[in-house]
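Inspection log for the structure reproduced underneath, given as structure tokens.
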Amino acid sequence: MSEIQRPGALYQQVAAAIRDAILAGEFPPGAPLPSEAQLIERYKVSRPTVRNAVAALRAEGLIDVQHGKGSFVRATAQPVLTVERRITRTSAGHFATHDGAEWEQAQEPSVHRTQTTAATGRMLGLGEGEEMFGCDRTLTDPATGTRALHRVLIPLATAEGTPLAQAPDTEPAAAYELLAEAGHTLTWTETVQARMPLPDERAALQIPDATPILHTTRITHGTDNQPLLLEELRVSADRAQVAYRITADKTPARRARG
């Protein structure tokens with residue numbers, strides 16, 4: 001193959017050429033890339049240029065580098081776990097969450113006092129720096145090996161007068177029941193965003209380089225839509241997908257004009 005002639009830095013040209021070859025199927029998912037020496041000969045460039053090109057493709061998540069073995073095209077397999085985000089309530093008033101996974105705790109829950117940030121305060125209808133209880137759990141699904149990080153944030157005003165003040169590590173479904181017993185009519189809102197993990201998240205979730213996570217945020221609302229709890233679930237996007245059951249709401253009745 002002749003020397004590549006494209007605009008941009010030389011390593012970016014090489015990265016683009018390798019990317020084109022991968023997308024064209026020359027190097028299918030799971031296949032090894034040519035060695036450094038072969039890439040140098042193929043594109044007529046220096047070793048540092050090839051290494052920078054490979055590093056750029058690795059940062060994109062297009063390839064994995066296995067030390068001592070070489071570079072491999074990353075497989076695009078379907079996530080092995082579907083996390084269902086559903087809440088049910090029995091006639092006896094007991095709540096249950098349905099995640100589609102048999103989560104086990106990898107370690108004991110970590111309970112701590114914390115404060116709202118600008119972001120969590122906004123979601124909870126509080127100012128920044130308000131006192132809260134926090135409970136962090138590291139979970140695993142034994143069937144697939146998928147790991148997840150679960151966090152519950154409970155404002156002191158929510159916990160006051162309930163058993164949550166003494167037991168902020170109460171499981172979410174049991175916490176819902178306690179809040180209902182305290183007189184709240186509960187509803188929930190939830191959002192999902194994809195983002196790159198922080199270093200501690202990447203280590204705890206045991207995920208490869210350049211892999212995003214799914215960050216699910218659930219807010220429990222009480223009477224008059226008052227935010228009561230904030231839950232966060234973080235899981236590797238290449239290991240899990242999130243599913244919801246959607247039902248049709250009734251169309252609000254139109255008011256008659258006077």
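Ordering of the structure tokens sets the chain letters (A, B, ...); residue numbers start at 1 within each chain; ligands are numbered from 1 in the order shown.
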
- [ ] Could you give me, as a ChimeraX atom specification, each residue of region 148-246 of chain A that DSSP assigns to alpha helix (DSSP H) when run on this structure's backbone?
- [x] /A:156-159,172-181,199-205

Task: Contact residues around region 162-173 of chain A with only C-alpha atoms at 9 Å, ignoring same-chain residues under 6 positions, as a list in words - done: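 After dropping sequence-adjacent residues, the list is Ile87, His94, Phe95, Ala96, Thr97, Pro109, Ser110, Val111, His112, Phe133, Gly134, Cys135, Asp136, Val152, Leu153, Ile154, Leu156, Leu179, Ala182 and Glu231 of chain A.
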
TODO: List the neighbours of region 242-250 of chain A out to 7 Å using only C-alpha atoms; skip same-chain residues closer than 5 positions along the sequence, and give me the result as a ChimeraX atom specification.
DONE: /A:82-86

Would you output that residue set with N, CA and C atoms, as a PDB file, in the first residue's frame?
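Saved file again.pdb follows:
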ATOM      1  N   THR A  82     -29.984  -7.277  31.074  1.00  0.00           N
ATOM      2  CA  THR A  82     -31.003  -6.243  30.925  1.00  0.00           C
ATOM      3  C   THR A  82     -31.500  -5.870  32.319  1.00  0.00           C
ATOM      4  N   VAL A  83     -31.298  -4.610  32.667  1.00  0.00           N
ATOM      5  CA  VAL A  83     -31.708  -4.114  33.981  1.00  0.00           C
ATOM      6  C   VAL A  83     -33.094  -3.490  33.843  1.00  0.00           C
ATOM      7  N   GLU A  84     -34.089  -4.134  34.416  1.00  0.00           N
ATOM      8  CA  GLU A  84     -35.454  -3.627  34.360  1.00  0.00           C
ATOM      9  C   GLU A  84     -35.670  -2.628  35.490  1.00  0.00           C
ATOM     10  N   ARG A  85     -36.216  -1.487  35.152  1.00  0.00           N
ATOM     11  CA  ARG A  85     -36.451  -0.445  36.151  1.00  0.00           C
ATOM     12  C   ARG A  85     -37.953  -0.360  36.392  1.00  0.00           C
ATOM     13  N   ARG A  86     -38.418  -1.170  37.337  1.00  0.00           N
ATOM     14  CA  ARG A  86     -39.853  -1.278  37.564  1.00  0.00           C
ATOM     15  C   ARG A  86     -40.120  -1.392  39.058  1.00  0.00           C
TER      16      ARG A  86
END

Taking the DSSP secondary structure from the backbone, can you list the residues of region 18-249 of chain A that are strand (DSSP E or B), as an mmCIF file with N, CA, C and O atoms, in the first residue's frame?
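Result went into selection-v8.cif, see below:
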data_model
loop_
_atom_site.group_PDB
_atom_site.id
_atom_site.type_symbol
_atom_site.label_atom_id
_atom_site.label_comp_id
_atom_site.auth_asym_id
_atom_site.auth_seq_id
_atom_site.Cartn_x
_atom_site.Cartn_y
_atom_site.Cartn_z
ATOM 1 N N PRO A 32 -6.978 -9.671 15.423
ATOM 2 C CA PRO A 32 -5.801 -8.863 15.754
ATOM 3 C C PRO A 32 -5.483 -7.880 14.640
ATOM 4 O O PRO A 32 -5.718 -8.152 13.454
ATOM 5 N N ILE A 63 -10.400 -0.365 19.640
ATOM 6 C CA ILE A 63 -9.527 -1.526 19.801
ATOM 7 C C ILE A 63 -9.165 -1.711 21.267
ATOM 8 O O ILE A 63 -9.263 -0.787 22.083
ATOM 9 N N ASP A 64 -8.767 -2.921 21.596
ATOM 10 C CA ASP A 64 -8.216 -3.248 22.909
ATOM 11 C C ASP A 64 -6.752 -3.620 22.720
ATOM 12 O O ASP A 64 -6.390 -4.266 21.720
ATOM 13 N N VAL A 65 -5.917 -3.222 23.664
ATOM 14 C CA VAL A 65 -4.504 -3.588 23.629
ATOM 15 C C VAL A 65 -4.247 -4.590 24.744
ATOM 16 O O VAL A 65 -4.493 -4.307 25.916
ATOM 17 N N GLN A 66 -3.798 -5.770 24.367
ATOM 18 C CA GLN A 66 -3.486 -6.822 25.333
ATOM 19 C C GLN A 66 -1.966 -6.942 25.402
ATOM 20 O O GLN A 66 -1.319 -7.306 24.411
ATOM 21 N N GLY A 70 -0.706 -7.934 21.639
ATOM 22 C CA GLY A 70 -0.952 -7.023 20.536
ATOM 23 C C GLY A 70 -2.271 -6.299 20.660
ATOM 24 O O GLY A 70 -2.896 -6.275 21.726
ATOM 25 N N SER A 71 -2.711 -5.719 19.544
ATOM 26 C CA SER A 71 -3.948 -4.943 19.508
ATOM 27 C C SER A 71 -5.032 -5.742 18.790
ATOM 28 O O SER A 71 -4.765 -6.374 17.760
ATOM 29 N N PHE A 72 -6.255 -5.677 19.326
ATOM 30 C CA PHE A 72 -7.369 -6.434 18.781
ATOM 31 C C PHE A 72 -8.575 -5.519 18.588
ATOM 32 O O PHE A 72 -8.816 -4.612 19.399
ATOM 33 N N VAL A 73 -9.329 -5.770 17.524
ATOM 34 C CA VAL A 73 -10.554 -5.016 17.285
ATOM 35 C C VAL A 73 -11.560 -5.392 18.367
ATOM 36 O O VAL A 73 -11.798 -6.579 18.611
ATOM 37 N N LEU A 81 -26.748 -8.308 30.181
ATOM 38 C CA LEU A 81 -27.730 -8.140 31.242
ATOM 39 C C LEU A 81 -28.696 -7.021 30.892
ATOM 40 O O LEU A 81 -28.283 -5.942 30.460
ATOM 41 N N THR A 82 -29.984 -7.277 31.074
ATOM 42 C CA THR A 82 -31.003 -6.243 30.925
ATOM 43 C C THR A 82 -31.500 -5.870 32.319
ATOM 44 O O THR A 82 -32.001 -6.716 33.049
ATOM 45 N N VAL A 83 -31.298 -4.610 32.667
ATOM 46 C CA VAL A 83 -31.708 -4.114 33.981
ATOM 47 C C VAL A 83 -33.094 -3.490 33.843
ATOM 48 O O VAL A 83 -33.258 -2.458 33.192
ATOM 49 N N GLU A 84 -34.089 -4.134 34.416
ATOM 50 C CA GLU A 84 -35.454 -3.627 34.360
ATOM 51 C C GLU A 84 -35.670 -2.628 35.490
ATOM 52 O O GLU A 84 -35.358 -2.913 36.635
ATOM 53 N N ARG A 86 -38.418 -1.170 37.337
ATOM 54 C CA ARG A 86 -39.853 -1.278 37.564
ATOM 55 C C ARG A 86 -40.120 -1.392 39.058
ATOM 56 O O ARG A 86 -39.365 -2.032 39.792
ATOM 57 N N ILE A 87 -41.188 -0.779 39.506
ATOM 58 C CA ILE A 87 -41.616 -0.837 40.909
ATOM 59 C C ILE A 87 -43.053 -1.336 40.951
ATOM 60 O O ILE A 87 -43.894 -0.868 40.177
ATOM 61 N N THR A 88 -43.333 -2.289 41.834
ATOM 62 C CA THR A 88 -44.700 -2.753 42.028
ATOM 63 C C THR A 88 -45.069 -2.638 43.507
ATOM 64 O O THR A 88 -44.193 -2.529 44.376
ATOM 65 N N ARG A 89 -46.389 -2.674 43.759
ATOM 66 C CA ARG A 89 -46.875 -2.621 45.132
ATOM 67 C C ARG A 89 -48.016 -3.616 45.292
ATOM 68 O O ARG A 89 -48.929 -3.660 44.463
ATOM 69 N N PHE A 95 -43.794 -2.831 48.789
ATOM 70 C CA PHE A 95 -43.170 -2.446 47.527
ATOM 71 C C PHE A 95 -42.122 -3.479 47.123
ATOM 72 O O PHE A 95 -41.527 -4.154 47.968
ATOM 73 N N ALA A 96 -41.902 -3.585 45.830
ATOM 74 C CA ALA A 96 -40.845 -4.451 45.305
ATOM 75 C C ALA A 96 -40.254 -3.795 44.071
ATOM 76 O O ALA A 96 -40.967 -3.157 43.293
ATOM 77 N N THR A 97 -38.942 -3.911 43.922
ATOM 78 C CA THR A 97 -38.266 -3.431 42.718
ATOM 79 C C THR A 97 -37.909 -4.640 41.862
ATOM 80 O O THR A 97 -37.609 -5.718 42.387
ATOM 81 N N HIS A 98 -37.955 -4.457 40.541
ATOM 82 C CA HIS A 98 -37.683 -5.548 39.616
ATOM 83 C C HIS A 98 -36.577 -5.098 38.681
ATOM 84 O O HIS A 98 -36.789 -4.293 37.787
ATOM 85 N N GLU A 104 -26.189 -9.342 44.193
ATOM 86 C CA GLU A 104 -25.575 -9.697 45.470
ATOM 87 C C GLU A 104 -24.623 -8.585 45.856
ATOM 88 O O GLU A 104 -24.012 -7.944 44.997
ATOM 89 N N GLN A 105 -24.495 -8.350 47.163
ATOM 90 C CA GLN A 105 -23.610 -7.292 47.633
ATOM 91 C C GLN A 105 -22.174 -7.810 47.681
ATOM 92 O O GLN A 105 -21.894 -8.821 48.315
ATOM 93 N N SER A 110 -21.793 0.979 52.667
ATOM 94 C CA SER A 110 -21.044 2.055 53.307
ATOM 95 C C SER A 110 -21.996 3.221 53.575
ATOM 96 O O SER A 110 -22.517 3.832 52.648
ATOM 97 N N VAL A 111 -22.237 3.499 54.863
ATOM 98 C CA VAL A 111 -23.146 4.575 55.268
ATOM 99 C C VAL A 111 -22.320 5.763 55.742
ATOM 100 O O VAL A 111 -21.347 5.597 56.485
ATOM 101 N N HIS A 112 -22.695 6.952 55.304
ATOM 102 C CA HIS A 112 -21.929 8.132 55.682
ATOM 103 C C HIS A 112 -22.830 9.357 55.667
ATOM 104 O O HIS A 112 -23.931 9.344 55.115
ATOM 105 N N ARG A 113 -22.362 10.415 56.313
ATOM 106 C CA ARG A 113 -23.025 11.718 56.227
ATOM 107 C C ARG A 113 -22.371 12.504 55.099
ATOM 108 O O ARG A 113 -21.159 12.486 54.921
ATOM 109 N N THR A 114 -23.181 13.197 54.350
ATOM 110 C CA THR A 114 -22.676 13.969 53.225
ATOM 111 C C THR A 114 -23.508 15.229 53.070
ATOM 112 O O THR A 114 -24.396 15.485 53.897
ATOM 113 N N GLN A 115 -23.236 15.984 52.046
ATOM 114 C CA GLN A 115 -23.975 17.221 51.775
ATOM 115 C C GLN A 115 -24.376 17.277 50.316
ATOM 116 O O GLN A 115 -23.727 16.670 49.456
ATOM 117 N N GLU A 131 -27.405 18.890 54.686
ATOM 118 C CA GLU A 131 -26.965 17.614 55.241
ATOM 119 C C GLU A 131 -27.844 16.467 54.741
ATOM 120 O O GLU A 131 -29.063 16.593 54.605
ATOM 121 N N MET A 132 -27.190 15.322 54.466
ATOM 122 C CA MET A 132 -27.886 14.119 54.004
ATOM 123 C C MET A 132 -27.195 12.877 54.556
ATOM 124 O O MET A 132 -26.042 12.907 54.955
ATOM 125 N N PHE A 133 -27.950 11.777 54.553
ATOM 126 C CA PHE A 133 -27.354 10.461 54.716
ATOM 127 C C PHE A 133 -27.034 9.910 53.332
ATOM 128 O O PHE A 133 -27.774 10.128 52.375
ATOM 129 N N GLY A 134 -25.927 9.190 53.229
ATOM 130 C CA GLY A 134 -25.581 8.512 51.990
ATOM 131 C C GLY A 134 -25.320 7.047 52.274
ATOM 132 O O GLY A 134 -24.788 6.692 53.331
ATOM 133 N N CYS A 135 -25.726 6.179 51.357
ATOM 134 C CA CYS A 135 -25.450 4.746 51.478
ATOM 135 C C CYS A 135 -24.994 4.226 50.128
ATOM 136 O O CYS A 135 -25.725 4.322 49.133
ATOM 137 N N ASP A 136 -23.772 3.695 50.077
ATOM 138 C CA ASP A 136 -23.193 3.168 48.838
ATOM 139 C C ASP A 136 -23.113 1.654 48.902
ATOM 140 O O ASP A 136 -22.685 1.077 49.915
ATOM 141 N N ARG A 137 -23.507 1.014 47.807
ATOM 142 C CA ARG A 137 -23.423 -0.441 47.687
ATOM 143 C C ARG A 137 -22.713 -0.805 46.384
ATOM 144 O O ARG A 137 -22.937 -0.169 45.355
ATOM 145 N N THR A 138 -21.866 -1.831 46.447
ATOM 146 C CA THR A 138 -21.281 -2.431 45.247
ATOM 147 C C THR A 138 -21.978 -3.762 45.038
ATOM 148 O O THR A 138 -21.973 -4.620 45.925
ATOM 149 N N LEU A 139 -22.606 -3.927 43.871
ATOM 150 C CA LEU A 139 -23.435 -5.089 43.597
ATOM 151 C C LEU A 139 -22.828 -5.914 42.465
ATOM 152 O O LEU A 139 -22.131 -5.388 41.599
ATOM 153 N N THR A 140 -23.134 -7.207 42.467
ATOM 154 C CA THR A 140 -22.736 -8.085 41.369
ATOM 155 C C THR A 140 -23.917 -8.966 40.988
ATOM 156 O O THR A 140 -24.726 -9.344 41.835
ATOM 157 N N ASP A 141 -24.016 -9.262 39.713
ATOM 158 C CA ASP A 141 -24.990 -10.226 39.218
ATOM 159 C C ASP A 141 -24.243 -11.533 38.979
ATOM 160 O O ASP A 141 -23.450 -11.619 38.035
ATOM 161 N N THR A 146 -21.705 -9.113 35.960
ATOM 162 C CA THR A 146 -21.848 -7.670 35.830
ATOM 163 C C THR A 146 -21.830 -7.012 37.196
ATOM 164 O O THR A 146 -22.480 -7.484 38.137
ATOM 165 N N ARG A 147 -21.098 -5.913 37.300
ATOM 166 C CA ARG A 147 -21.020 -5.168 38.552
ATOM 167 C C ARG A 147 -21.785 -3.848 38.417
ATOM 168 O O ARG A 147 -21.895 -3.291 37.317
ATOM 169 N N ALA A 148 -22.304 -3.362 39.530
ATOM 170 C CA ALA A 148 -23.042 -2.103 39.538
ATOM 171 C C ALA A 148 -22.740 -1.366 40.831
ATOM 172 O O ALA A 148 -22.448 -1.975 41.867
ATOM 173 N N LEU A 149 -22.805 -0.048 40.764
ATOM 174 C CA LEU A 149 -22.663 0.804 41.941
ATOM 175 C C LEU A 149 -24.016 1.441 42.214
ATOM 176 O O LEU A 149 -24.612 2.052 41.324
ATOM 177 N N HIS A 150 -24.506 1.282 43.438
ATOM 178 C CA HIS A 150 -25.814 1.828 43.813
ATOM 179 C C HIS A 150 -25.633 2.787 44.982
ATOM 180 O O HIS A 150 -24.952 2.478 45.954
ATOM 181 N N ARG A 151 -26.233 3.949 44.867
ATOM 182 C CA ARG A 151 -26.135 4.963 45.920
ATOM 183 C C ARG A 151 -27.526 5.492 46.248
ATOM 184 O O ARG A 151 -28.332 5.737 45.349
ATOM 185 N N VAL A 152 -27.789 5.661 47.537
ATOM 186 C CA VAL A 152 -29.028 6.290 48.000
ATOM 187 C C VAL A 152 -28.651 7.522 48.812
ATOM 188 O O VAL A 152 -27.794 7.450 49.700
ATOM 189 N N LEU A 153 -29.272 8.649 48.499
ATOM 190 C CA LEU A 153 -29.076 9.885 49.252
ATOM 191 C C LEU A 153 -30.401 10.260 49.896
ATOM 192 O O LEU A 153 -31.428 10.365 49.217
ATOM 193 N N ILE A 154 -30.372 10.445 51.224
ATOM 194 C CA ILE A 154 -31.589 10.703 51.988
ATOM 195 C C ILE A 154 -31.426 12.018 52.750
ATOM 196 O O ILE A 154 -30.620 12.102 53.692
ATOM 197 N N PRO A 155 -32.153 13.061 52.379
ATOM 198 C CA PRO A 155 -32.085 14.310 53.152
ATOM 199 C C PRO A 155 -32.506 14.068 54.602
ATOM 200 O O PRO A 155 -33.356 13.213 54.884
ATOM 201 N N THR A 187 -44.532 8.762 44.042
ATOM 202 C CA THR A 187 -44.332 8.646 42.599
ATOM 203 C C THR A 187 -42.835 8.722 42.346
ATOM 204 O O THR A 187 -42.054 9.094 43.234
ATOM 205 N N TRP A 188 -42.436 8.369 41.114
ATOM 206 C CA TRP A 188 -41.006 8.344 40.801
ATOM 207 C C TRP A 188 -40.739 8.965 39.437
ATOM 208 O O TRP A 188 -41.563 8.859 38.520
ATOM 209 N N THR A 189 -39.603 9.601 39.307
ATOM 210 C CA THR A 189 -39.095 10.037 38.012
ATOM 211 C C THR A 189 -37.684 9.485 37.863
ATOM 212 O O THR A 189 -36.962 9.305 38.847
ATOM 213 N N GLU A 190 -37.305 9.195 36.614
ATOM 214 C CA GLU A 190 -36.006 8.580 36.398
ATOM 215 C C GLU A 190 -35.402 9.071 35.091
ATOM 216 O O GLU A 190 -36.103 9.267 34.097
ATOM 217 N N THR A 191 -34.102 9.277 35.113
ATOM 218 C CA THR A 191 -33.368 9.670 33.914
ATOM 219 C C THR A 191 -32.154 8.764 33.750
ATOM 220 O O THR A 191 -31.649 8.197 34.726
ATOM 221 N N VAL A 192 -31.698 8.620 32.508
ATOM 222 C CA VAL A 192 -30.506 7.818 32.208
ATOM 223 C C VAL A 192 -29.586 8.634 31.316
ATOM 224 O O VAL A 192 -30.042 9.223 30.332
ATOM 225 N N GLN A 193 -28.326 8.683 31.662
ATOM 226 C CA GLN A 193 -27.342 9.332 30.806
ATOM 227 C C GLN A 193 -26.154 8.405 30.614
ATOM 228 O O GLN A 193 -25.850 7.567 31.480
ATOM 229 N N ALA A 194 -25.516 8.519 29.472
ATOM 230 C CA ALA A 194 -24.281 7.791 29.211
ATOM 231 C C ALA A 194 -23.124 8.763 29.347
ATOM 232 O O ALA A 194 -23.185 9.887 28.851
ATOM 233 N N ARG A 195 -22.090 8.352 30.041
ATOM 234 C CA ARG A 195 -20.910 9.201 30.216
ATOM 235 C C ARG A 195 -19.699 8.316 30.438
ATOM 236 O O ARG A 195 -19.821 7.119 30.719
ATOM 237 N N ILE A 213 -20.320 4.395 30.873
ATOM 238 C CA ILE A 213 -21.237 3.784 31.824
ATOM 239 C C ILE A 213 -22.632 4.373 31.616
ATOM 240 O O ILE A 213 -22.797 5.451 31.058
ATOM 241 N N LEU A 214 -23.636 3.626 32.062
ATOM 242 C CA LEU A 214 -24.998 4.119 32.140
ATOM 243 C C LEU A 214 -25.236 4.589 33.562
ATOM 244 O O LEU A 214 -25.042 3.828 34.519
ATOM 245 N N HIS A 215 -25.611 5.847 33.715
ATOM 246 C CA HIS A 215 -25.835 6.450 35.030
ATOM 247 C C HIS A 215 -27.321 6.746 35.151
ATOM 248 O O HIS A 215 -27.842 7.667 34.523
ATOM 249 N N THR A 216 -28.014 5.921 35.939
ATOM 250 C CA THR A 216 -29.456 6.042 36.112
ATOM 251 C C THR A 216 -29.752 6.766 37.416
ATOM 252 O O THR A 216 -29.206 6.417 38.462
ATOM 253 N N THR A 217 -30.595 7.775 37.345
ATOM 254 C CA THR A 217 -30.955 8.572 38.518
ATOM 255 C C THR A 217 -32.459 8.470 38.744
ATOM 256 O O THR A 217 -33.246 8.783 37.852
ATOM 257 N N ARG A 218 -32.842 8.007 39.927
ATOM 258 C CA ARG A 218 -34.257 7.865 40.283
ATOM 259 C C ARG A 218 -34.565 8.766 41.477
ATOM 260 O O ARG A 218 -33.868 8.714 42.498
ATOM 261 N N ILE A 219 -35.598 9.578 41.339
ATOM 262 C CA ILE A 219 -36.048 10.433 42.436
ATOM 263 C C ILE A 219 -37.395 9.930 42.917
ATOM 264 O O ILE A 219 -38.321 9.728 42.124
ATOM 265 N N THR A 220 -37.505 9.706 44.224
ATOM 266 C CA THR A 220 -38.775 9.333 44.845
ATOM 267 C C THR A 220 -39.463 10.604 45.324
ATOM 268 O O THR A 220 -38.886 11.375 46.084
ATOM 269 N N HIS A 221 -40.678 10.823 44.840
ATOM 270 C CA HIS A 221 -41.451 12.008 45.210
ATOM 271 C C HIS A 221 -42.574 11.622 46.168
ATOM 272 O O HIS A 221 -43.173 10.547 46.036
ATOM 273 N N PRO A 227 -39.554 15.994 46.498
ATOM 274 C CA PRO A 227 -38.485 14.995 46.390
ATOM 275 C C PRO A 227 -38.080 14.484 47.773
ATOM 276 O O PRO A 227 -37.847 15.273 48.694
ATOM 277 N N LEU A 228 -38.026 13.171 47.904
ATOM 278 C CA LEU A 228 -37.716 12.562 49.195
ATOM 279 C C LEU A 228 -36.394 11.799 49.194
ATOM 280 O O LEU A 228 -35.640 11.859 50.161
ATOM 281 N N LEU A 229 -36.140 11.040 48.141
ATOM 282 C CA LEU A 229 -34.926 10.223 48.041
ATOM 283 C C LEU A 229 -34.306 10.407 46.660
ATOM 284 O O LEU A 229 -35.014 10.658 45.682
ATOM 285 N N LEU A 230 -33.005 10.206 46.601
ATOM 286 C CA LEU A 230 -32.295 10.192 45.327
ATOM 287 C C LEU A 230 -31.480 8.905 45.256
ATOM 288 O O LEU A 230 -30.692 8.610 46.155
ATOM 289 N N GLU A 231 -31.715 8.112 44.199
ATOM 290 C CA GLU A 231 -30.969 6.879 43.986
ATOM 291 C C GLU A 231 -30.178 6.987 42.686
ATOM 292 O O GLU A 231 -30.671 7.527 41.701
ATOM 293 N N GLU A 232 -28.974 6.443 42.695
ATOM 294 C CA GLU A 232 -28.140 6.398 41.501
ATOM 295 C C GLU A 232 -27.675 4.961 41.281
ATOM 296 O O GLU A 232 -27.248 4.297 42.224
ATOM 297 N N LEU A 233 -27.772 4.496 40.040
ATOM 298 C CA LEU A 233 -27.256 3.189 39.660
ATOM 299 C C LEU A 233 -26.300 3.388 38.502
ATOM 300 O O LEU A 233 -26.659 3.987 37.487
ATOM 301 N N ARG A 234 -25.072 2.892 38.655
ATOM 302 C CA ARG A 234 -24.062 3.036 37.612
ATOM 303 C C ARG A 234 -23.583 1.650 37.188
ATOM 304 O O ARG A 234 -23.234 0.829 38.046
ATOM 305 N N VAL A 235 -23.591 1.410 35.879
ATOM 306 C CA VAL A 235 -23.222 0.103 35.358
ATOM 307 C C VAL A 235 -22.547 0.296 34.007
ATOM 308 O O VAL A 235 -22.810 1.273 33.297
ATOM 309 N N SER A 236 -21.658 -0.630 33.647
ATOM 310 C CA SER A 236 -20.929 -0.528 32.385
ATOM 311 C C SER A 236 -21.884 -0.685 31.207
ATOM 312 O O SER A 236 -22.685 -1.620 31.153
ATOM 313 N N ALA A 240 -24.477 -4.012 30.236
ATOM 314 C CA ALA A 240 -25.894 -3.950 30.599
ATOM 315 C C ALA A 240 -26.636 -2.938 29.745
ATOM 316 O O ALA A 240 -26.056 -1.979 29.235
ATOM 317 N N GLN A 241 -27.921 -3.178 29.587
ATOM 318 C CA GLN A 241 -28.831 -2.222 28.985
ATOM 319 C C GLN A 241 -30.007 -2.038 29.948
ATOM 320 O O GLN A 241 -30.292 -2.903 30.774
ATOM 321 N N VAL A 242 -30.671 -0.892 29.853
ATOM 322 C CA VAL A 242 -31.742 -0.546 30.783
ATOM 323 C C VAL A 242 -33.081 -0.634 30.054
ATOM 324 O O VAL A 242 -33.213 -0.144 28.924
ATOM 325 N N ALA A 243 -34.062 -1.257 30.697
ATOM 326 C CA ALA A 243 -35.378 -1.434 30.078
ATOM 327 C C ALA A 243 -36.460 -0.879 30.994
ATOM 328 O O ALA A 243 -36.349 -0.941 32.222
#

Open item on the list: I'd like the contact shell of Pro34 (chain A) - 10 Å cut-off, only C-alpha atoms, skipping same-chain residues fewer than 3 positions apart - returned as a list in words.
Closed with: Ile18, Phe27, Ala31, Ala37, Gln38, Leu39, Ile40, Arg42, Gly70, Ser71 and Phe72 of chain A

Just the selected residues (N, CA and C atoms), exported as a JSON list (two decimals), in the first residue's frame, please.
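Now in out.json:
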[["chain", "number", "residue", "atom", "x", "y", "z"],
["A", 18, "ILE", "N", -6.57, 2.99, 9.50],
["A", 18, "ILE", "CA", -6.86, 1.75, 10.21],
["A", 18, "ILE", "C", -8.35, 1.66, 10.52],
["A", 27, "PHE", "N", -10.56, -6.03, 9.15],
["A", 27, "PHE", "CA", -10.22, -6.55, 10.47],
["A", 27, "PHE", "C", -11.53, -6.68, 11.25],
["A", 31, "ALA", "N", -10.57, -9.69, 15.86],
["A", 31, "ALA", "CA", -9.37, -10.01, 15.09],
["A", 31, "ALA", "C", -8.19, -9.15, 15.53],
["A", 37, "ALA", "N", 5.45, -3.55, 13.35],
["A", 37, "ALA", "CA", 6.35, -3.59, 12.19],
["A", 37, "ALA", "C", 5.56, -3.64, 10.89],
["A", 38, "GLN", "N", 4.46, -4.41, 10.89],
["A", 38, "GLN", "CA", 3.65, -4.50, 9.68],
["A", 38, "GLN", "C", 2.94, -3.18, 9.37],
["A", 39, "LEU", "N", 2.48, -2.49, 10.42],
["A", 39, "LEU", "CA", 1.82, -1.19, 10.21],
["A", 39, "LEU", "C", 2.81, -0.15, 9.72],
["A", 40, "ILE", "N", 4.03, -0.21, 10.25],
["A", 40, "ILE", "CA", 5.09, 0.71, 9.79],
["A", 40, "ILE", "C", 5.34, 0.51, 8.30],
["A", 42, "ARG", "N", 3.29, -0.97, 6.16],
["A", 42, "ARG", "CA", 2.06, -0.72, 5.38],
["A", 42, "ARG", "C", 1.86, 0.76, 5.09],
["A", 70, "GLY", "N", -0.71, -7.93, 21.64],
["A", 70, "GLY", "CA", -0.95, -7.02, 20.54],
["A", 70, "GLY", "C", -2.27, -6.30, 20.66],
["A", 71, "SER", "N", -2.71, -5.72, 19.54],
["A", 71, "SER", "CA", -3.95, -4.94, 19.51],
["A", 71, "SER", "C", -5.03, -5.74, 18.79],
["A", 72, "PHE", "N", -6.25, -5.68, 19.33],
["A", 72, "PHE", "CA", -7.37, -6.43, 18.78],
["A", 72, "PHE", "C", -8.58, -5.52, 18.59]]

Open item on the list: Quick check, in Å to one decimal: how far apart do CA of Ala210 (chain A) and CA of Ala119 (chain A) lie?
Closed with: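 It comes out at 25.0 Å.
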
TODO: Give me, please, the distance in Å between CA of Ala180 (chain A) and CA of Gln107 (chain A), quoted to one decimal.
DONE: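 Separation between CA of Ala180 (chain A) and CA of Gln107 (chain A): 29.0 Å.
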
Task: Selection near region 8-16 of chain A, 12 Å with only C-alpha atoms, sequence-local residues under 6 positions removed, as a list in words - done: Ile22, Leu23, Leu39, Ile40, Glu41, Arg42, Tyr43, Lys44, Val45, Ser46, Arg47, Pro48, Thr49, Val50, Arg51, Asn52, Ala53, Val54, Ala55, Ala56, Leu57, Arg58, Ala59, Glu60, Leu62 and Ile63 of chain A

- [ ] In Å, rounded to a single decimal, give me how far CA of Glu181 (chain A) is from CA of Ala159 (chain A).
- [x]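 Separating CA of Ala159 (chain A) from CA of Glu181 (chain A) is a distance of 12.7 Å.
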